[in-house]
$ cat data.tsv   # TSV, C-alpha atoms
chain	number	residue	atom	x	y	z
A	210	MET	CA	-110.09	69.40	138.20
A	211	THR	CA	-109.03	71.84	140.91
A	212	GLU	CA	-105.35	72.73	141.13
A	213	LEU	CA	-103.76	72.36	144.55
A	214	PRO	CA	-102.93	75.74	146.13
A	215	HIS	CA	-99.25	74.94	146.70
A	216	THR	CA	-98.69	73.99	143.05
A	217	ARG	CA	-99.56	77.38	141.60
A	218	THR	CA	-96.54	79.54	141.05
A	219	ARG	CA	-96.74	83.26	141.41
A	220	MET	CA	-94.09	85.91	141.00
A	221	VAL	CA	-94.04	86.41	144.78
A	222	HIS	CA	-93.02	82.74	145.20
A	223	TRP	CA	-90.17	83.12	142.72
A	224	LEU	CA	-89.05	86.33	144.36
A	225	GLY	CA	-89.14	84.61	147.76
A	226	THR	CA	-87.05	81.77	146.36
A	227	ALA	CA	-84.59	84.23	144.81
A	228	VAL	CA	-84.23	86.05	148.15
A	229	ALA	CA	-83.75	82.75	150.01
A	230	LEU	CA	-81.10	81.58	147.55
A	231	ALA	CA	-79.35	84.96	147.73
A	232	ALA	CA	-79.23	84.51	151.51
A	233	VAL	CA	-77.77	81.03	151.03
A	234	VAL	CA	-75.17	82.42	148.64
A	235	GLY	CA	-74.21	85.20	151.05
A	236	ALA	CA	-74.21	82.99	154.14
A	237	SER	CA	-72.26	80.18	152.52
A	238	SER	CA	-69.50	82.57	151.50
A	239	LEU	CA	-69.28	84.09	154.99
A	240	VAL	CA	-70.16	81.29	157.40
A	241	GLN	CA	-67.89	78.29	157.76
A	242	PRO	CA	-67.37	75.88	160.63
A	243	ALA	CA	-64.67	77.17	162.99
A	244	ASP	CA	-62.32	74.31	162.10
A	245	ALA	CA	-62.94	74.43	158.33
A	246	THR	CA	-60.55	75.96	155.85
A	247	ALA	CA	-60.81	76.12	152.10
A	248	GLN	CA	-57.37	74.62	151.60
A	249	PRO	CA	-56.38	71.08	152.54
A	250	THR	CA	-53.25	70.65	154.66
A	251	LEU	CA	-50.29	68.59	153.57
A	252	THR	CA	-50.50	64.88	154.21
A	253	THR	CA	-48.77	61.75	153.08
A	254	ALA	CA	-51.89	60.47	151.28
A	255	ALA	CA	-51.38	59.07	147.82
A	256	ALA	CA	-51.74	61.72	145.13
A	257	GLY	CA	-54.54	60.00	143.22
A	258	THR	CA	-56.58	58.88	146.23
A	259	ALA	CA	-59.67	60.92	147.04
A	260	PRO	CA	-60.98	61.07	150.62
A	261	ASP	CA	-63.70	58.47	151.28
A	262	PRO	CA	-66.89	60.25	152.43
A	263	LYS	CA	-68.07	57.09	154.20
A	264	GLN	CA	-65.15	57.54	156.60
A	265	ALA	CA	-65.87	61.22	157.35
A	266	ASP	CA	-67.53	62.71	160.41
A	267	PHE	CA	-69.90	65.31	158.94
A	268	PRO	CA	-71.14	68.25	161.08
A	269	VAL	CA	-74.81	67.29	160.60
A	270	ASP	CA	-77.26	67.12	163.52
A	271	CYS	CA	-79.68	64.25	162.93
A	272	GLY	CA	-81.34	64.67	166.32
A	273	SER	CA	-80.03	61.40	167.71
A	274	ALA	CA	-76.66	59.71	167.79
A	275	SER	CA	-78.32	56.53	166.51
A	276	VAL	CA	-79.43	58.18	163.24
A	277	LYS	CA	-76.69	57.83	160.65
A	278	VAL	CA	-75.70	60.26	157.92
A	279	ASP	CA	-76.18	58.93	154.39
A	280	VAL	CA	-73.83	59.90	151.56
A	281	VAL	CA	-76.25	60.47	148.68
A	282	GLU	CA	-73.93	61.66	145.90
A	283	LYS	CA	-70.20	62.29	145.62
A	284	GLY	CA	-67.49	63.36	143.22
A	285	SER	CA	-63.80	64.17	143.42
A	286	THR	CA	-61.17	66.30	141.74
A	287	ASP	CA	-58.01	68.23	142.60
A	288	PHE	CA	-59.46	71.73	143.04
A	289	ASP	CA	-56.28	73.56	144.03
A	290	GLY	CA	-53.81	71.77	141.74
A	291	ASP	CA	-51.63	70.45	144.56
A	292	GLY	CA	-51.73	66.85	143.30
A	293	ARG	CA	-54.18	65.67	145.99
A	294	ARG	CA	-57.84	65.07	145.22
A	295	GLU	CA	-60.68	66.48	147.32
A	296	THR	CA	-64.14	64.87	147.56
A	297	VAL	CA	-67.47	66.68	147.35
A	298	ALA	CA	-70.24	64.84	149.20
A	299	SER	CA	-73.98	65.45	149.35
A	300	VAL	CA	-75.25	64.01	152.64
A	301	ARG	CA	-78.47	63.87	154.66
A	302	CYS	CA	-79.80	62.20	157.76
A	303	HIS	CA	-81.06	58.66	157.19
A	304	SER	CA	-84.84	58.46	156.96
A	305	GLY	CA	-87.22	55.65	156.16
A	306	THR	CA	-89.76	58.11	154.76
A	307	GLY	CA	-89.70	61.63	153.37
A	308	THR	CA	-86.75	63.58	152.07
A	309	PRO	CA	-84.59	65.12	154.79
A	310	PRO	CA	-82.67	68.26	153.76
A	311	SER	CA	-79.21	67.86	152.27
A	312	ALA	CA	-75.85	69.28	153.20
A	313	LEU	CA	-72.93	69.64	150.79
A	314	PHE	CA	-69.32	69.41	151.98
A	315	VAL	CA	-65.81	69.30	150.51
A	316	LEU	CA	-63.49	66.78	152.15
A	317	GLY	CA	-59.72	66.98	152.29
A	318	ALA	CA	-57.22	64.34	153.28
A	319	PRO	CA	-56.94	63.51	157.00
A	320	ALA	CA	-54.59	65.61	159.10
A	321	ARG	CA	-52.71	62.41	160.00
A	322	PRO	CA	-52.68	58.96	158.40
A	323	GLY	CA	-55.39	56.73	159.85
A	324	GLN	CA	-57.71	59.61	160.78
A	325	ALA	CA	-61.02	60.45	159.10
A	326	PRO	CA	-61.11	62.85	156.14
A	327	ARG	CA	-61.59	66.50	157.15
A	328	VAL	CA	-64.40	68.84	156.14
A	329	VAL	CA	-62.52	71.70	154.47
A	330	ALA	CA	-65.50	73.63	153.04
A	331	THR	CA	-69.25	73.77	153.58
A	332	MET	CA	-71.34	74.62	150.54
A	333	LEU	CA	-74.85	73.91	151.89
A	334	ARG	CA	-76.16	73.24	155.41
A	335	THR	CA	-79.20	71.14	156.30
A	336	LYS	CA	-80.77	74.11	158.10
A	337	GLU	CA	-81.26	75.73	154.67
A	338	GLN	CA	-83.95	73.06	154.04
A	339	MET	CA	-82.89	72.20	150.49
A	340	SER	CA	-82.17	68.96	148.66
A	341	VAL	CA	-79.29	68.43	146.25
A	342	GLN	CA	-79.75	66.70	142.90
A	343	ASP	CA	-77.56	66.13	139.87
A	344	LEU	CA	-74.27	66.74	141.68
A	345	ARG	CA	-71.40	67.10	139.20
A	346	VAL	CA	-67.74	67.67	139.97
A	347	HIS	CA	-65.53	68.59	137.02
A	348	GLY	CA	-62.21	70.39	136.96
A	349	ARG	CA	-62.51	73.23	139.48
A	350	THR	CA	-66.31	73.38	139.38
A	351	VAL	CA	-69.10	71.78	141.42
A	352	SER	CA	-72.60	72.04	139.99
A	353	ALA	CA	-75.96	70.88	141.29
A	354	LYS	CA	-79.67	71.50	141.25
A	355	LEU	CA	-81.08	72.72	144.58
A	356	LEU	CA	-84.69	71.82	145.37
A	357	GLY	CA	-86.67	73.78	147.95
A	358	TYR	CA	-90.09	74.79	149.16
A	359	SER	CA	-92.08	77.97	148.75
A	360	SER	CA	-93.63	77.64	152.21
A	361	PRO	CA	-93.68	75.37	155.28
A	362	SER	CA	-97.08	74.02	154.18
A	363	VAL	CA	-95.64	72.36	151.05
A	364	PRO	CA	-95.21	68.61	151.77
A	365	ARG	CA	-91.55	67.65	152.23
A	366	CYS	CA	-91.96	64.95	149.61
A	367	CYS	CA	-92.69	67.41	146.86
A	368	PRO	CA	-90.33	70.40	146.48
A	369	ASP	CA	-91.91	73.12	144.38
A	370	ARG	CA	-88.82	75.28	143.78
A	371	GLN	CA	-85.56	74.51	142.00
A	372	ARG	CA	-82.46	76.36	140.92
A	373	LYS	CA	-79.20	75.34	139.29
A	374	VAL	CA	-76.07	76.51	141.06
A	375	LYS	CA	-72.35	76.07	140.69
A	376	TRP	CA	-69.36	76.68	142.88
A	377	GLU	CA	-66.06	77.46	141.20
A	378	TRP	CA	-62.67	77.29	142.89
A	379	LYS	CA	-61.20	80.81	142.46
A	380	ASP	CA	-58.44	82.57	144.36
A	381	GLY	CA	-58.27	79.92	147.10
A	382	LYS	CA	-62.01	79.67	147.83
A	383	PHE	CA	-65.29	78.52	146.32
A	384	ALA	CA	-67.36	81.20	144.59
A	385	LEU	CA	-71.07	80.41	144.29
A	386	GLU	CA	-72.99	81.38	141.19
A	387	ALA	CA	-76.74	80.76	140.88
A	388	ALA	CA	-78.56	80.49	137.56
A	389	PRO	CA	-81.56	82.80	137.10
A	390	VAL	CA	-84.83	81.60	138.61
A	391	PRO	CA	-86.88	79.72	135.96
A	392	GLY	CA	-89.51	82.03	134.48
A	393	SER	CA	-87.76	85.22	135.62
A	394	PRO	CA	-86.80	87.95	133.09
A	395	GLU	CA	-83.12	87.05	133.60
A	396	SER	CA	-83.68	83.45	132.43
A	397	VAL	CA	-85.19	84.47	129.08
$ encode --input "data.tsv" --output "structure tokens"
Amino acid sequence: MTELPHTRTRMVHWLGTAVALAAVVGASSLVQPADATAQPTLTTAAAGTAPDPKQADFPVDCGSASVKVDVVEKGSTDFDGDGRRETVASVRCHSGTGTPPSALFVLGAPARPGQAPRVVATMLRTKEQMSVQDLRVHGRTVSAKLLGYSSPSVPRCCPDRQRKVKWEWKDGKFALEAAPVPGSPESV
């Protein structure tokens, strides 16, 4: 049986994935939406109530106003210890087929009662062409597995790269830490 060309892993593929993830790490720590901050503002929301991601307006371009944004996974905790919970949401554009890329956002309470929850941090953008799996939110840490592709010729149904990552709330911002690439000398 002949192995498909895109299923063979070579060191150059892993190095390419490592470089791409390093770019994601660097970009996510430097690039934020203009209106996003890492700290939620004071509101009158109940202390134990986490923002509802289904009520949020996520900065995701689905190509058409008629295409909705699906909340795929979510979790909540009080990252900054102020008594108000934040929600982490993995979202993607709705699609009947295929797997559109994910985005990962942190939501804070609305600026005013009755308004939608606010995006206070962006951890992953759809333009990075990755999918999020196994989202976990615990204490001050968000962890997930990111799935990606070694090249544009790999079918979007079948990611051939993966890496575990975690974001930890430190000194008023999220610090991203990526696990070593599977099969690399660092992972042994």
$ closest_residue --input "data.tsv" --among "A:Thr258, A:Ser273, A:Thr286, A:Ser311" --to "Leu333 in chain A" --atoms "only C-alpha atoms"
A:Ser311
$ residues_around --input "data.tsv" --residues "range 295-306 of chain A" --least-positions-apart "2" --cutoff "6 Å" --atoms "all atoms listed in the file" --output "list in words"
Ala259, Pro260, Cys271, Lys277, Val278, Asp279, Val280, Val281, Glu282, Lys283, Gly284, Ser285, Thr286, Asp287, Ser311, Ala312, Leu313, Phe314, Val315, Leu316 and Gly317 of chain A
$ write_last_selection --input "data.tsv" --atoms "C-alpha atoms" --output "mmCIF file, keeping the file's coordinate frame"
data_model
loop_
_atom_site.group_PDB
_atom_site.id
_atom_site.type_symbol
_atom_site.label_atom_id
_atom_site.label_comp_id
_atom_site.auth_asym_id
_atom_site.auth_seq_id
_atom_site.Cartn_x
_atom_site.Cartn_y
_atom_site.Cartn_z
ATOM 1 C CA ALA A 259 -59.670 60.920 147.040
ATOM 2 C CA PRO A 260 -60.980 61.070 150.620
ATOM 3 C CA CYS A 271 -79.680 64.250 162.930
ATOM 4 C CA LYS A 277 -76.690 57.830 160.650
ATOM 5 C CA VAL A 278 -75.700 60.260 157.920
ATOM 6 C CA ASP A 279 -76.180 58.930 154.390
ATOM 7 C CA VAL A 280 -73.830 59.900 151.560
ATOM 8 C CA VAL A 281 -76.250 60.470 148.680
ATOM 9 C CA GLU A 282 -73.930 61.660 145.900
ATOM 10 C CA LYS A 283 -70.200 62.290 145.620
ATOM 11 C CA GLY A 284 -67.490 63.360 143.220
ATOM 12 C CA SER A 285 -63.800 64.170 143.420
ATOM 13 C CA THR A 286 -61.170 66.300 141.740
ATOM 14 C CA ASP A 287 -58.010 68.230 142.600
ATOM 15 C CA SER A 311 -79.210 67.860 152.270
ATOM 16 C CA ALA A 312 -75.850 69.280 153.200
ATOM 17 C CA LEU A 313 -72.930 69.640 150.790
ATOM 18 C CA PHE A 314 -69.320 69.410 151.980
ATOM 19 C CA VAL A 315 -65.810 69.300 150.510
ATOM 20 C CA LEU A 316 -63.490 66.780 152.150
ATOM 21 C CA GLY A 317 -59.720 66.980 152.290
#
$ closest_residue --input "data.tsv" --among "A:Gly307, A:Pro268, A:Gly348, A:Gly292" --to "Trp376 in chain A" --atoms "all atoms listed in the file"
A:Gly348
$ closest_residue --input "data.tsv" --among "A:Phe267, A:Thr308, A:Ala388, A:Arg345" --to "Arg327 in chain A" --atoms "only C-alpha atoms"
A:Phe267
$ closest_residue --input "data.tsv" --among "A:Ala330, A:Val269, A:Val374, A:Ala384" --to "Arg349 in chain A" --atoms "all atoms listed in the file"
A:Ala384
$ build_atoms --input "data.tsv" --residues "range 317-346 of chain A" --atoms "N, CA and C atoms" --output "short mmCIF file (atom, residue, chain, number, x, y, z; two decimals), keeping the file's coordinate frame"
data_model
loop_
_atom_site.label_atom_id
_atom_site.label_comp_id
_atom_site.auth_asym_id
_atom_site.auth_seq_id
_atom_site.Cartn_x
_atom_site.Cartn_y
_atom_site.Cartn_z
N GLY A 317 -61.14 67.05 152.58
CA GLY A 317 -59.72 66.98 152.29
C GLY A 317 -59.13 65.77 153.00
N ALA A 318 -57.90 65.48 152.67
CA ALA A 318 -57.22 64.34 153.28
C ALA A 318 -57.15 64.52 154.80
N PRO A 319 -57.05 63.42 155.54
CA PRO A 319 -56.94 63.51 157.00
C PRO A 319 -55.69 64.29 157.41
N ALA A 320 -55.74 64.89 158.58
CA ALA A 320 -54.59 65.61 159.10
C ALA A 320 -53.41 64.66 159.34
N ARG A 321 -53.73 63.44 159.76
CA ARG A 321 -52.71 62.41 160.00
C ARG A 321 -53.19 61.10 159.40
N PRO A 322 -52.27 60.27 158.93
CA PRO A 322 -52.68 58.96 158.40
C PRO A 322 -53.49 58.18 159.44
N GLY A 323 -54.54 57.51 158.96
CA GLY A 323 -55.39 56.73 159.85
C GLY A 323 -56.57 57.49 160.43
N GLN A 324 -56.59 58.81 160.30
CA GLN A 324 -57.71 59.61 160.78
C GLN A 324 -58.76 59.76 159.68
N ALA A 325 -59.93 60.24 160.05
CA ALA A 325 -61.02 60.45 159.10
C ALA A 325 -60.71 61.66 158.21
N PRO A 326 -61.25 61.67 156.99
CA PRO A 326 -61.11 62.85 156.14
C PRO A 326 -61.69 64.08 156.85
N ARG A 327 -61.14 65.26 156.52
CA ARG A 327 -61.59 66.50 157.15
C ARG A 327 -62.54 67.27 156.26
N VAL A 328 -63.53 67.92 156.87
CA VAL A 328 -64.40 68.84 156.14
C VAL A 328 -63.60 70.13 155.98
N VAL A 329 -63.31 70.49 154.72
CA VAL A 329 -62.52 71.70 154.47
C VAL A 329 -63.36 72.85 153.92
N ALA A 330 -64.58 72.56 153.49
CA ALA A 330 -65.50 73.63 153.04
C ALA A 330 -66.94 73.13 153.16
N THR A 331 -67.82 74.05 153.49
CA THR A 331 -69.25 73.77 153.58
C THR A 331 -69.95 74.60 152.52
N MET A 332 -70.65 73.92 151.62
CA MET A 332 -71.34 74.62 150.54
C MET A 332 -72.83 74.80 150.82
N LEU A 333 -73.43 73.86 151.57
CA LEU A 333 -74.85 73.91 151.89
C LEU A 333 -75.06 73.22 153.22
N ARG A 334 -75.85 73.83 154.10
CA ARG A 334 -76.16 73.24 155.41
C ARG A 334 -77.60 72.72 155.40
N THR A 335 -77.86 71.71 156.23
CA THR A 335 -79.20 71.14 156.30
C THR A 335 -80.23 72.16 156.77
N LYS A 336 -79.82 73.12 157.58
CA LYS A 336 -80.77 74.11 158.10
C LYS A 336 -81.34 75.00 156.99
N GLU A 337 -80.74 74.95 155.80
CA GLU A 337 -81.26 75.73 154.67
C GLU A 337 -82.44 75.03 154.00
N GLN A 338 -82.76 73.80 154.47
CA GLN A 338 -83.95 73.06 154.04
C GLN A 338 -84.04 72.85 152.53
N MET A 339 -82.91 72.48 151.92
CA MET A 339 -82.89 72.20 150.49
C MET A 339 -82.37 70.79 150.25
N SER A 340 -82.69 70.26 149.09
CA SER A 340 -82.17 68.96 148.66
C SER A 340 -81.25 69.19 147.47
N VAL A 341 -80.24 68.34 147.35
CA VAL A 341 -79.29 68.43 146.25
C VAL A 341 -79.57 67.31 145.26
N GLN A 342 -79.61 67.67 143.98
CA GLN A 342 -79.75 66.70 142.90
C GLN A 342 -78.72 66.99 141.83
N ASP A 343 -78.43 65.98 141.04
CA ASP A 343 -77.56 66.13 139.87
C ASP A 343 -76.20 66.73 140.21
N LEU A 344 -75.59 66.25 141.28
CA LEU A 344 -74.27 66.74 141.68
C LEU A 344 -73.24 66.35 140.63
N ARG A 345 -72.47 67.32 140.18
CA ARG A 345 -71.40 67.10 139.20
C ARG A 345 -70.14 67.80 139.70
N VAL A 346 -69.03 67.11 139.60
CA VAL A 346 -67.74 67.67 139.97
C VAL A 346 -66.84 67.50 138.75
#
